[in-house]
Structures are given as C-alpha cells and as structure tokens.
>>> print(open('run-v4.txt').read())   # compact mmCIF, C-alpha atoms
# COMPACT_ATOMS: atom_id res chain seq x y z
CA MET A 74 78.60 144.95 90.72
CA ASP A 75 78.76 145.16 94.53
CA VAL A 76 76.16 143.26 96.59
CA LEU A 77 74.56 145.15 99.49
CA ASP A 78 72.65 143.78 102.48
CA LYS A 79 69.41 145.32 103.80
CA ASN A 80 71.45 147.88 105.80
CA HIS A 81 73.20 148.92 102.58
CA LYS A 82 76.52 147.45 103.72
CA LYS A 83 78.82 145.77 101.28
CA ILE A 84 78.88 141.96 101.55
CA GLU A 85 82.27 140.39 100.96
CA PHE A 86 82.49 136.84 99.68
CA GLU A 87 85.45 134.53 100.15
CA PRO A 88 87.30 134.32 96.85
CA ARG A 89 86.87 131.08 94.98
CA THR A 90 90.62 130.92 94.50
CA SER A 91 91.15 130.38 98.26
CA ASN A 92 88.79 127.38 98.27
CA PHE A 93 90.53 126.02 95.20
CA ALA A 94 93.93 126.45 96.86
CA LEU A 95 92.66 124.61 99.97
CA ARG A 96 91.35 121.69 97.92
CA LYS A 97 94.57 121.60 95.92
CA GLY A 98 96.60 121.53 99.15
CA LEU A 99 94.55 118.64 100.50
CA TRP A 100 95.00 116.68 97.27
CA ILE A 101 98.76 117.25 97.35
CA THR A 102 98.92 116.18 101.00
CA GLY A 103 96.91 113.04 100.25
CA LEU A 104 99.11 112.19 97.28
CA LEU A 105 102.29 112.65 99.30
CA PHE A 106 100.90 110.42 102.05
CA PHE A 107 99.98 107.72 99.54
CA ILE A 108 103.44 107.83 97.92
CA ALA A 109 105.11 107.65 101.34
CA LEU A 110 102.90 104.71 102.33
CA VAL A 111 103.85 102.81 99.16
CA VAL A 112 107.53 103.43 99.91
CA GLU A 113 107.06 102.12 103.46
CA PHE A 114 105.30 98.98 102.19
CA LEU A 115 108.09 98.36 99.69
CA TYR A 116 110.64 98.67 102.45
CA ILE A 117 108.74 96.25 104.69
CA ASN A 118 108.46 93.78 101.83
CA SER A 119 112.20 93.99 101.18
CA TYR A 120 112.97 92.52 104.61
CA ASN A 121 111.14 89.25 103.85
CA VAL A 122 109.95 89.08 107.48
CA SER A 123 106.72 90.28 109.06
CA TYR A 124 108.18 91.86 112.18
CA PHE A 125 110.97 91.86 114.76
CA ILE A 126 110.26 91.25 118.45
CA SER A 127 112.28 91.88 121.60
CA PRO A 128 111.67 91.59 125.35
CA ASP A 129 110.56 95.23 125.43
CA GLY A 130 108.14 94.61 122.58
CA LEU A 131 106.66 91.57 124.30
CA LEU A 132 106.25 93.61 127.50
CA TYR A 133 104.18 96.24 125.64
CA SER A 134 102.23 93.46 123.96
CA ASN A 135 101.52 91.76 127.29
CA ILE A 136 100.19 95.02 128.74
CA ALA A 137 97.93 95.51 125.70
CA GLU A 138 96.55 91.99 126.04
CA ASN A 139 95.80 92.53 129.73
CA PHE A 140 94.01 95.76 128.88
CA LEU A 141 91.75 93.95 126.39
CA LYS A 142 91.06 91.24 128.98
CA GLY A 143 89.86 93.88 131.43
CA ASN A 144 92.87 93.74 133.75
CA GLY A 145 94.02 97.29 133.03
CA LEU A 146 97.37 98.50 131.73
CA VAL A 147 99.48 96.03 133.72
CA ASN A 148 102.00 93.34 132.85
CA THR A 149 101.63 89.76 134.04
CA ALA A 150 104.85 88.27 132.64
CA GLY A 151 108.52 89.05 132.13
CA PHE A 152 110.67 88.43 129.07
CA VAL A 153 114.38 87.90 128.48
CA GLN A 154 116.55 87.32 125.43
CA GLU A 155 119.29 84.69 125.52
CA ASN A 156 121.41 83.65 122.53
CA GLY A 157 119.05 85.53 120.24
CA VAL A 158 115.95 83.75 121.56
CA VAL A 159 113.27 85.64 123.49
CA ARG A 160 111.43 83.65 126.13
CA GLU A 161 108.88 84.33 128.81
CA ILE A 162 109.71 84.22 132.52
CA PRO A 163 107.61 84.80 135.65
CA ARG A 164 106.87 88.45 136.35
CA THR A 165 109.43 90.03 138.66
CA ARG A 166 107.81 93.47 138.92
CA ASP A 167 104.84 95.53 137.77
CA TYR A 168 106.23 97.75 135.04
CA VAL A 169 104.53 101.10 134.50
CA VAL A 170 105.13 102.40 130.98
CA GLY A 171 103.60 105.21 129.00
CA PRO A 172 100.03 104.22 128.03
CA ILE A 173 99.91 105.44 124.42
CA TYR A 174 101.79 102.59 122.75
CA PRO A 175 100.07 99.75 124.67
CA LEU A 176 96.71 101.33 123.78
CA LEU A 177 97.71 101.42 120.10
CA LEU A 178 98.64 97.74 120.32
CA ALA A 179 95.32 97.03 122.04
CA MET A 180 93.51 98.75 119.17
CA VAL A 181 95.31 96.54 116.61
CA TYR A 182 94.74 93.38 118.67
CA GLY A 183 91.08 94.25 119.16
CA ILE A 184 90.62 94.35 115.38
CA PHE A 185 92.98 91.61 114.18
CA GLY A 186 93.47 89.40 117.24
CA PHE A 187 96.15 88.99 119.89
CA LYS A 188 99.80 89.04 118.83
CA SER A 189 99.03 90.46 115.37
CA TYR A 190 102.56 91.80 115.20
CA ASN A 191 102.58 92.05 111.40
CA MET A 192 99.57 94.37 111.56
CA VAL A 193 101.41 96.48 114.15
CA VAL A 194 104.20 96.96 111.62
CA LEU A 195 101.61 98.11 109.08
CA LEU A 196 100.35 100.63 111.62
CA HIS A 197 103.93 101.83 111.98
CA ALA A 198 104.02 102.33 108.20
CA PHE A 199 101.07 104.72 108.47
CA PHE A 200 102.84 106.69 111.21
CA SER A 201 106.04 106.81 109.14
CA ALA A 202 104.15 108.06 106.09
CA ALA A 203 102.50 110.72 108.25
CA SER A 204 105.93 111.74 109.56
CA ALA A 205 107.14 112.25 105.99
CA VAL A 206 104.13 114.47 105.25
CA LEU A 207 104.81 116.49 108.42
CA ALA A 208 108.42 116.90 107.28
CA TYR A 209 107.05 118.29 104.00
CA LYS A 210 104.77 120.70 105.88
CA THR A 211 107.65 121.82 108.09
CA GLY A 212 109.75 122.29 104.96
CA GLU A 213 107.06 124.57 103.55
CA LEU A 214 107.28 126.77 106.64
CA LEU A 215 111.08 126.85 106.74
CA PHE A 216 112.12 126.79 103.08
CA GLY A 217 108.98 127.50 101.05
CA LYS A 218 106.93 125.21 98.81
CA ARG A 219 109.65 125.11 96.19
CA TYR A 220 111.98 123.16 98.49
CA ALA A 221 109.48 121.33 100.74
CA LEU A 222 110.02 118.04 98.93
CA ILE A 223 113.62 117.92 100.16
CA PRO A 224 112.84 117.09 103.85
CA TYR A 225 110.04 114.82 102.61
CA GLY A 226 112.45 112.82 100.45
CA LEU A 227 115.19 112.75 103.08
CA THR A 228 112.72 111.47 105.68
CA LEU A 229 111.61 108.65 103.40
CA GLY A 230 115.21 107.92 102.45
CA TYR A 231 116.58 107.54 105.98
CA PRO A 232 116.79 103.75 106.31
CA LEU A 233 116.78 103.55 110.12
CA PHE A 234 113.30 105.07 110.36
CA ALA A 235 112.00 102.12 108.34
CA PHE A 236 114.20 99.56 110.08
CA TRP A 237 112.99 100.37 113.59
CA GLY A 238 109.46 100.45 112.27
CA MET A 239 109.84 96.70 111.78
CA TYR A 240 110.11 96.29 115.56
CA VAL A 241 107.13 96.12 117.90
CA LEU A 242 108.51 99.08 119.86
CA THR A 243 107.69 102.72 120.55
CA GLU A 244 110.30 104.13 118.15
CA THR A 245 108.06 104.88 115.16
CA THR A 246 105.29 106.33 117.31
CA TYR A 247 107.75 108.52 119.20
CA VAL A 248 109.43 109.75 116.00
CA PHE A 249 105.98 110.75 114.74
CA THR A 250 105.17 112.74 117.89
CA ILE A 251 108.57 114.47 117.76
CA THR A 252 108.08 115.32 114.07
CA LEU A 253 104.67 116.77 114.92
CA PHE A 254 106.22 118.70 117.82
CA LEU A 255 108.86 120.25 115.54
CA TYR A 256 106.23 121.16 112.93
CA LEU A 257 104.16 122.94 115.57
CA LEU A 258 107.21 124.83 116.84
CA ALA A 259 107.91 125.97 113.27
CA LEU A 260 104.27 127.02 112.96
CA TYR A 261 104.43 128.96 116.23
CA ALA A 262 107.59 130.72 115.03
CA LYS A 263 105.77 131.76 111.85
CA GLU A 264 102.77 133.01 113.86
CA ALA A 265 104.86 134.60 116.62
CA LYS A 266 103.51 138.13 116.07
CA GLN A 267 99.92 136.88 116.44
CA PRO A 268 99.95 133.29 117.79
CA LYS A 269 96.76 131.33 117.22
CA LEU A 270 95.09 129.69 120.20
CA ARG A 271 94.62 126.52 118.15
CA THR A 272 98.38 126.24 117.57
CA LEU A 273 99.10 126.63 121.30
CA LEU A 274 96.50 124.02 122.29
CA ILE A 275 97.68 121.48 119.71
CA LEU A 276 101.30 122.08 120.75
CA GLY A 277 100.42 121.30 124.39
CA LEU A 278 98.45 118.26 123.24
CA ALA A 279 101.40 117.00 121.16
CA ILE A 280 103.85 117.44 124.05
CA GLY A 281 101.53 115.57 126.43
CA ILE A 282 100.99 112.67 124.04
CA SER A 283 104.72 112.50 123.24
CA ASN A 284 105.52 112.29 126.96
CA LEU A 285 102.99 109.48 127.37
CA VAL A 286 104.88 107.54 124.71
CA ARG A 287 108.33 108.29 126.15
CA PRO A 288 108.91 111.06 128.68
CA PHE A 289 111.98 112.79 127.26
CA LEU A 290 110.21 116.12 126.68
CA LEU A 291 109.33 116.48 130.37
CA LEU A 292 112.49 118.49 131.06
CA PHE A 293 112.18 120.64 127.93
CA PHE A 294 109.72 123.18 129.37
CA PRO A 295 112.31 125.69 130.75
CA ILE A 296 114.00 125.77 127.33
CA LEU A 297 110.63 126.09 125.60
CA GLY A 298 109.66 129.00 127.85
CA LEU A 299 112.89 130.89 127.13
CA TRP A 300 112.54 130.23 123.40
CA ILE A 301 108.97 131.55 123.35
CA TRP A 302 110.11 134.67 125.24
CA TRP A 303 112.88 135.18 122.68
CA MET A 304 110.51 134.67 119.75
CA GLN A 305 108.23 137.30 121.29
CA ARG A 306 111.21 139.69 121.30
CA GLY A 307 110.98 140.25 125.04
CA ARG A 308 107.19 140.76 125.22
CA LEU A 309 106.95 139.04 128.58
CA LYS A 310 103.16 139.10 129.03
CA ILE A 311 102.48 137.47 125.66
CA ALA A 312 105.27 134.93 126.19
CA LEU A 313 103.90 133.99 129.62
CA ARG A 314 100.39 133.69 128.20
CA ASP A 315 101.47 131.39 125.38
CA PHE A 316 103.71 129.30 127.61
CA THR A 317 100.98 128.94 130.25
CA ILE A 318 98.44 127.73 127.69
CA ILE A 319 100.87 125.10 126.40
CA VAL A 320 101.78 123.89 129.91
CA VAL A 321 98.15 123.73 131.07
CA MET A 322 97.17 121.75 127.98
CA THR A 323 100.06 119.34 128.56
CA ILE A 324 98.97 118.85 132.18
CA LEU A 325 95.37 118.19 131.11
CA VAL A 326 96.57 115.50 128.70
CA MET A 327 98.87 113.80 131.20
CA SER A 328 96.83 114.19 134.41
CA PRO A 329 94.56 111.14 133.90
CA TRP A 330 97.69 108.97 133.85
CA TRP A 331 99.03 110.68 136.97
CA ILE A 332 95.73 110.18 138.79
CA ARG A 333 95.58 106.52 137.76
CA ASN A 334 99.12 105.89 138.99
CA GLY A 335 98.48 107.72 142.26
CA ILE A 336 95.39 105.64 142.98
CA LYS A 337 96.98 102.33 141.99
CA TYR A 338 100.49 102.74 143.41
CA GLN A 339 100.03 105.45 146.08
CA GLN A 340 102.86 107.50 144.60
CA PHE A 341 103.38 110.08 141.89
CA ILE A 342 104.65 108.37 138.73
CA PRO A 343 104.90 110.90 135.88
CA VAL A 344 105.11 108.25 133.15
CA SER A 345 107.23 105.19 134.08
CA ASN A 346 108.44 103.53 137.27
CA TYR A 347 111.76 102.15 136.05
CA GLY A 348 115.03 103.39 134.58
CA SER A 349 116.84 104.37 137.78
CA TYR A 350 119.44 101.62 137.29
CA GLU A 351 120.30 102.99 133.84
CA PHE A 352 120.44 106.48 135.36
CA TYR A 353 122.81 105.17 138.02
CA LEU A 354 125.00 103.52 135.38
CA GLY A 355 125.12 106.75 133.41
CA ASN A 356 126.18 108.79 136.43
CA ASN A 357 128.92 107.27 138.52
CA PRO A 358 132.71 107.71 138.47
CA LEU A 359 133.48 104.17 137.31
CA THR A 360 131.24 104.03 134.24
CA VAL A 361 133.23 104.02 131.03
CA THR A 362 132.12 106.46 128.35
CA ASP A 363 132.80 104.45 125.22
CA ASN A 364 130.81 101.29 125.87
CA PHE A 365 127.02 101.36 125.71
CA PHE A 366 126.42 97.73 126.71
CA TYR A 367 125.22 98.38 130.23
CA PHE A 368 125.65 94.83 131.54
CA ALA A 369 129.40 95.32 131.03
CA GLN A 370 129.46 98.58 132.98
CA PRO A 371 131.05 98.64 136.45
CA SER A 372 129.29 100.10 139.49
CA TYR A 373 130.28 102.27 142.43
CA ASP A 374 131.16 99.47 144.76
CA PRO A 375 130.32 95.74 144.59
CA GLU A 376 129.32 95.78 148.24
CA VAL A 377 126.97 98.72 147.72
CA LYS A 378 125.42 97.05 144.71
CA ALA A 379 125.04 93.76 146.56
CA ARG A 380 123.26 95.58 149.40
CA ILE A 381 120.86 97.35 147.04
CA GLU A 382 119.97 94.20 145.13
CA LYS A 383 118.63 92.63 148.35
CA LEU A 384 115.99 95.37 148.61
CA PRO A 385 112.51 95.23 147.05
CA LEU A 386 112.49 96.47 143.45
CA LEU A 387 110.82 99.79 144.20
CA GLU A 388 113.39 100.45 146.93
CA GLN A 389 116.16 99.55 144.49
CA GLU A 390 114.83 102.17 142.09
CA LYS A 391 114.94 104.81 144.83
CA GLU A 392 118.47 103.86 145.90
CA TYR A 393 119.87 103.88 142.36
CA LYS A 394 118.23 107.24 141.67
CA LYS A 395 119.66 108.63 144.91
CA LEU A 396 123.18 107.44 144.01
CA GLY A 397 122.97 108.97 140.54
CA MET A 398 121.69 112.32 141.82
CA SER A 399 124.30 112.35 144.58
CA TYR A 400 127.08 111.99 142.02
CA ILE A 401 125.69 114.79 139.84
CA LEU A 402 125.33 117.21 142.76
CA GLN A 403 128.74 116.42 144.25
CA HIS A 404 130.66 116.41 140.94
CA PRO A 405 128.88 118.92 138.62
CA VAL A 406 131.92 119.67 136.44
CA GLN A 407 132.82 116.00 136.03
CA PHE A 408 129.15 115.24 135.30
CA ILE A 409 129.07 117.74 132.42
CA GLN A 410 132.41 116.55 131.07
CA ARG A 411 131.38 112.89 131.13
CA THR A 412 127.98 113.64 129.57
CA LEU A 413 129.59 115.51 126.69
CA THR A 414 132.07 112.66 126.26
CA LYS A 415 129.20 110.17 126.09
CA GLU A 416 127.55 112.35 123.46
CA LYS A 417 130.70 112.33 121.34
CA ASN A 418 131.64 108.67 121.83
CA LEU A 419 128.18 107.11 121.79
CA PHE A 420 125.21 109.28 120.88
CA TRP A 421 126.58 111.00 117.78
CA GLN A 422 128.52 108.05 116.41
CA PRO A 423 127.19 106.64 113.12
CA ILE A 424 126.13 103.02 112.89
CA THR A 425 129.18 100.79 112.63
CA PRO A 426 129.37 97.90 110.15
CA VAL A 427 129.54 95.39 113.02
CA PHE A 428 126.38 96.79 114.62
CA GLY A 429 124.54 97.28 111.31
CA GLU A 430 125.29 93.81 110.02
CA SER A 431 124.51 92.10 113.33
CA TYR A 432 121.05 93.72 113.29
CA LYS A 433 120.78 93.11 109.52
CA MET A 434 119.97 96.77 108.87
CA GLN A 435 119.48 97.72 105.27
CA GLY A 436 121.20 100.93 104.20
CA TYR A 437 122.82 101.58 107.57
CA LEU A 438 125.89 103.12 105.87
CA MET A 439 123.74 106.13 104.94
CA ASP A 440 123.50 107.06 108.62
CA LYS A 441 126.91 108.75 108.61
CA TRP A 442 126.02 110.84 105.56
CA TYR A 443 122.83 112.06 107.19
CA LEU A 444 124.80 113.03 110.29
CA LEU A 445 127.45 114.81 108.20
CA LEU A 446 124.89 116.71 106.12
CA GLY A 447 122.94 117.56 109.27
CA LEU A 448 126.11 118.94 110.87
CA VAL A 449 126.64 121.19 107.84
CA GLY A 450 123.05 122.39 108.24
CA ILE A 451 123.63 123.13 111.93
CA VAL A 452 126.57 125.37 111.04
CA LEU A 453 124.48 127.16 108.38
CA SER A 454 121.59 127.61 110.81
CA LEU A 455 123.81 129.73 113.06
CA PHE A 456 123.65 132.49 110.43
CA GLN A 457 119.80 132.44 110.54
CA LEU A 458 119.38 131.66 114.20
CA ARG A 459 115.88 133.03 114.70
CA ASN A 460 114.49 130.82 111.93
CA TYR A 461 116.16 127.59 113.08
CA SER A 462 116.73 128.14 116.80
CA PHE A 463 114.00 125.68 117.81
CA LEU A 464 115.74 122.90 115.88
CA LEU A 465 119.10 123.72 117.40
CA LEU A 466 117.72 123.90 120.96
CA PHE A 467 115.85 120.61 120.61
CA THR A 468 118.88 118.83 119.14
CA LEU A 469 121.21 120.05 121.88
CA TYR A 470 118.64 119.31 124.59
CA TYR A 471 117.75 115.82 123.43
CA SER A 472 121.30 114.62 122.83
CA PHE A 473 122.47 116.00 126.19
CA THR A 474 119.48 114.62 128.12
CA VAL A 475 119.76 111.11 126.70
CA SER A 476 123.54 111.07 127.23
CA MET A 477 123.07 112.40 130.77
CA ILE A 478 120.52 109.82 131.81
CA THR A 479 122.13 106.61 130.66
CA ILE A 480 124.64 104.79 128.45
CA VAL A 481 123.17 104.27 124.99
CA SER A 482 124.14 103.46 121.44
CA GLY A 483 123.49 106.06 118.77
CA GLY A 484 121.48 103.79 116.49
CA ARG A 485 118.24 103.47 118.41
CA TYR A 486 118.25 106.23 121.01
CA ARG A 487 119.37 108.88 118.52
CA LEU A 488 116.37 108.10 116.28
CA PRO A 489 113.98 110.70 117.79
CA VAL A 490 116.46 113.54 117.13
CA MET A 491 116.82 112.58 113.46
CA PRO A 492 113.70 114.52 112.33
CA ALA A 493 115.57 117.66 113.41
CA MET A 494 118.77 116.45 111.70
CA VAL A 495 116.79 115.78 108.52
CA LEU A 496 115.63 119.40 108.56
CA PHE A 497 119.20 120.58 109.13
CA ALA A 498 120.35 118.38 106.24
CA SER A 499 117.54 119.85 104.12
CA LEU A 500 118.81 123.35 104.95
CA ALA A 501 122.24 122.36 103.65
CA VAL A 502 120.72 121.03 100.41
CA VAL A 503 118.50 124.09 99.98
CA MET A 504 121.43 126.48 100.46
CA ALA A 505 123.49 124.47 97.97
CA LEU A 506 120.70 124.57 95.36
CA LYS A 507 120.22 128.29 95.85
CA GLY A 508 123.95 128.84 95.45
CA ILE A 509 124.02 126.80 92.24
CA GLY A 510 121.02 128.76 90.98
CA LYS A 511 122.76 132.08 91.58
CA LEU A 512 125.90 130.89 89.82
CA ALA A 513 123.88 129.69 86.84
CA LYS A 514 122.38 133.16 86.40
CA VAL A 515 125.81 134.78 86.19
CA THR A 516 126.94 134.84 82.54
CA PRO A 517 130.14 136.37 81.21
CA ARG A 518 129.64 139.64 79.34
CA SER A 519 131.05 140.17 75.89
CA SER A 520 131.70 143.58 74.30
CA GLY A 521 130.62 142.42 70.86
CA ARG A 522 133.89 143.76 69.36
CA SER A 523 136.49 141.67 67.59
>>> encode(input="run-v4.txt", output="structure tokens")
Amino acid sequence: MDVLDKNHKKIEFEPRTSNFALRKGLWITGLLFFIALVVEFLYINSYNVSYFISPDGLLYSNIAENFLKGNGLVNTAGFVQENGVVREIPRTRDYVVGPIYPLLLAMVYGIFGFKSYNMVVLLHAFFSAASAVLAYKTGELLFGKRYALIPYGLTLGYPLFAFWGMYVLTETTYVFTITLFLYLLALYAKEAKQPKLRTLLILGLAIGISNLVRPFLLLFFPILGLWIWWMQRGRLKIALRDFTIIVVMTILVMSPWWIRNGIKYQQFIPVSNYGSYEFYLGNNPLTVTDNFFYFAQPSYDPEVKARIEKLPLLEQEKEYKKLGMSYILQHPVQFIQRTLTKEKNLFWQPITPVFGESYKMQGYLMDKWYLLLGLVGIVLSLFQLRNYSFLLLFTLYYSFTVSMITIVSGGRYRLPVMPAMVLFASLAVVMALKGIGKLAKVTPRSSGRS
C-alpha cells in the first residue's frame, strides 16, 4: 500500500537493497584492505630488516625533526653516502622540498619518537594497501566487478612497490597519490555526461597534494584540459567549468606553501628549490643517453662549470636552469630526439640483474613481465581509446617529462607510472580471459546421424 503525506503526495522510501549493497561494498573494501595489509607485512618481514635509509631519506627526516622542535620545515644538516655508508655533514644549503612527506614523518615521530624509521615503513604499508584497494576500485570502473580483482592482485604482486616502501623516501606516498589521481580520472570519465562537483573537488585536491609530495603533475594541466574537453565531446562551456574547478581547487591546496616560501625566501618556489643541475645534465649536447649515473655525465664546458660552481648555490640553480632552457629552445628537434632516446634506453628499461642484486631487490625479474604485459595492454587500449585515453596520456606525459628533465634509471623514477601500467596489464589479462570464455562457449555441432 502506498504511503501519502498530509498533502496527499506519495512518499518514496529508499529501497533497503541499496543500503544493503552499500554495507556490503564497505565490508568488501575493508576485507580487501586487510588482506593487502597482511601481504605488505609479510613482504616487510621477508626482508629481515626494519628499513633502508639514504641521504635523501635522512634529509626528509631532519626536516621533520626540525618541524617538531618548532623550527619549521627546514633542514639543519646535510648527508652523503660513501662506500655504502651514510654520514652527516654540515649543511651546505637550505633545501626546500614538498611539505607532505616531512609532515607525515613528523606525525610518526610525534607518536613513536624521533628516527622511528621502522614505524615509517609500517605507515608505507598502509599506503600500499590503500593503493591496492584503489586499483580494485579503478578496475571496477574500467572492467566491471567481475574483473576488479585483477588490478588489485597485480598491484600487490609488483615487487618494486613493496621494495621501495622499505625506504624512508617519498616513493610509496607518491605512488598512492598517483593511484588516487588515476582512480578519480576514471570516475570523471564515467560521470562525464553529468560530472559531480564532489569528484571535481577531490580531483583538484588529489592533484594539489600529489604536487606537494613531488611536483611532476604541475605540467599536466594543459593535457588534462584537452582530455576533459574531449570527454565532453566538444561541449566547451562544461569542459571549461570542470577544468576551472579542478585548477582552482589545486591552487587552494598549494597556495599556503607558495605563500610560506614567498615570505621566507622572497621568491616564488612552487614546490622545491633544487633540481636545476639534474635538469642541466639532462639537457645539454654532451650528456650521454645510456648512462643514468649523473656524476659520470659530462657538462657543456669545464670552464663554464668551474665558473658556475664559484657562485652561491641559489645563483648556481639559476645558471644551470638557464643553460638547460637555452639548449631546449635553440635545439628543439635534438631535444625531442634525445628525450625519446633517454626514454628508450633508461626509463623503460627493466631492472637489470646487476642493479637488482646490488640493491638486494626481491622479485626484480618480474619487472620486465609487468612492462611487457603493460605494453600489450597499451596496444589493446588503442581500440577503446575513449575508455583508456587518460591512462595513455598520463603514461606518455610522465615518461616524457621525467626523461626530459634529467637522467634517471627506470627502477625508481618509473615507479609512479606503474599504477597506469598495472591497469594496462590488467586490460590485457581481462581481454585474454574474455577471449578464452568465448572460445569455451563454442562447441562443435553434431548432426546426430551415423
């Protein structure tokens, strides 16, 4: 019997089945997170060490300690590694790094005490488990619930995610923010006809936070704007509205850091105040394109380099940046050729046995199979471009940007693009399973006559 209100209008109640489905979804999500966390703990335990530390990790740790002591997000010491031993040296410069990771370290140190590196690794395990759940959620959007466990399992099975989680570094946190970013792009693509304001705001929030971990998404906005316009099938007003909301939200998230840097250093520092030397090494005619060890890289001219190294550090940064930009502008074709060569020779190369064994990586040989399966998925995605265009654009953008900026090895600096490659690999597996399923349904007919 229908229920009427006092104005004789029919009152509609939310079906109980929808509440049940919501509770069931939450239970499944919680169970998947718990399973992923157990897997991460087992992996950590298999290394028989509590953590790995490097000069970069100690720099982040030093900044976190200074923050807890009331000195702000500043470093008061330098660190170098010689013959496998990391030691402290007097500070040579005030490094500005993205604030998110030092604040996470400060949170851990505030609870468990300074230099609680083993507890930082446990925090990384929580982020890794969350990344696996996000991969599952993205799989639901792209492949349906039936196949969502494939990207979940491939994320947990990729050994380098767990390996770099053993380091007190930004890698795990950044992979999580990129995985969240890709999930939100998939969600936007699904909602493209009627985008939700909440999705746009969270997407801007995720981009801002990701940039405050590591700023590689700063240059992605033109590509994002064009993609949104394409997803809106040319509806320019809606595309501009959505893009503007995302950009404004990103600015709101990042602006406190910009204001802080402007007040403290009297200059605009988007995220970090270093990296120009690596940019210079990545963009000059003498740099070789098959060796990522930057100390072995040559420079423009020994006399030029000697002159620059006599300048204050901030002036050195400006000079190296100017040299790198000058090369790009004066040799655009050679710049593109060399960047693509660096992608092929360095970025997309699987972990070698020498590198894997020297770092004592477990399961590093699986890296090449993930890359191969991901490449198959990329080819397959070209036949369903609208569904997977955001993955393809991000993969091309990230690999080109990293290879453009510097000279890197594929093992560590390729890590943030692997969530996209996992989804491509999942596409290859899904298509294979669907093909096998279709073949299994085909049975030979018999006439029934002898």
>>> closest_atom_pairs(input="run-v4.txt", of="stretch 226-322 of chain A", to="stretch 426-449 of chain A", cutoff="8 Å", atoms="only C-alpha atoms", output="Markdown table")
| residue | atom | partner | partner_atom | distance |
| --- | --- | --- | --- | --- |
| A:Tyr231 | CA | A:Met439 | CA | 7.4 |
| A:Pro232 | CA | A:Gly436 | CA | 5.6 |
| A:Leu233 | CA | A:Tyr437 | CA | 6.8 |
| A:Phe236 | CA | A:Met434 | CA | 6.5 |
>>> write_last_selection(input="run-v4.txt", atoms="C-alpha atoms", output="mmCIF file, keeping the file's coordinate frame")
data_model
loop_
_atom_site.group_PDB
_atom_site.id
_atom_site.type_symbol
_atom_site.label_atom_id
_atom_site.label_comp_id
_atom_site.auth_asym_id
_atom_site.auth_seq_id
_atom_site.Cartn_x
_atom_site.Cartn_y
_atom_site.Cartn_z
ATOM 1 C CA TYR A 231 116.580 107.540 105.980
ATOM 2 C CA PRO A 232 116.790 103.750 106.310
ATOM 3 C CA LEU A 233 116.780 103.550 110.120
ATOM 4 C CA PHE A 236 114.200 99.560 110.080
#
>>> atom_distance(input="run-v4.txt", atom1="atom CA of A:Tyr220", atom2="atom CA of A:Ile275")
25.6 Å
>>> residues_near_point(input="run-v4.txt", point="(127.8, 112.3, 132.8)", cutoff="10 Å", atoms="only C-alpha atoms", output="MDAnalysis selection string")
chainID A and resid 352 354:358 360 362 397 400:401 404:416 473:474 476:480
>>> residues_around(input="run-v4.txt", residues="stretch 380-382 of chain A", least_positions_apart="4", cutoff="12 Å", atoms="all atoms listed in the file", output="PyMOL selection string")
chain A and resi 350+372-376+386-396
>>> residues_around(input="run-v4.txt", residues="A:Thr323", least_positions_apart="2", cutoff="10 Å", atoms="only C-alpha atoms", output="ChimeraX atom specification")
/A:274-284,291,317-321,325-328
>>> residues_near_point(input="run-v4.txt", point="(106.4, 130.8, 114.0)", cutoff="12 Å", atoms="all atoms listed in the file", output="JSON, numbers by chain")
{"A": [211, 214, 215, 255, 256, 257, 258, 259, 260, 261, 262, 263, 264, 265, 266, 267, 268, 269, 272, 273, 300, 301, 303, 304, 305, 459, 460, 461, 462, 463]}
>>> atom_distance(input="run-v4.txt", atom1="atom CA of A:Leu229", atom2="atom CA of A:Ala205")
6.3 Å
>>> atom_distance(input="run-v4.txt", atom1="atom CA of A:Gln154", atom2="atom CA of A:Gly130")
11.5 Å
>>> closest_residue(input="run-v4.txt", among="A:Val153, A:Tyr120, A:Gly335, A:Val241", to="A:Val169", atoms="all atoms listed in the file")
A:Gly335
>>> residues_around(input="run-v4.txt", residues="A:Met494", least_positions_apart="2", cutoff="10 Å", atoms="all atoms listed in the file", output="list in words")
Pro224, Thr228, Tyr443, Leu444, Leu445, Leu446, Gly447, Leu448, Val449, Gly450, Ile451, Leu464, Leu465, Thr468, Leu488, Pro489, Val490, Met491, Pro492, Leu496, Phe497, Ala498, Ser499 and Leu500 of chain A
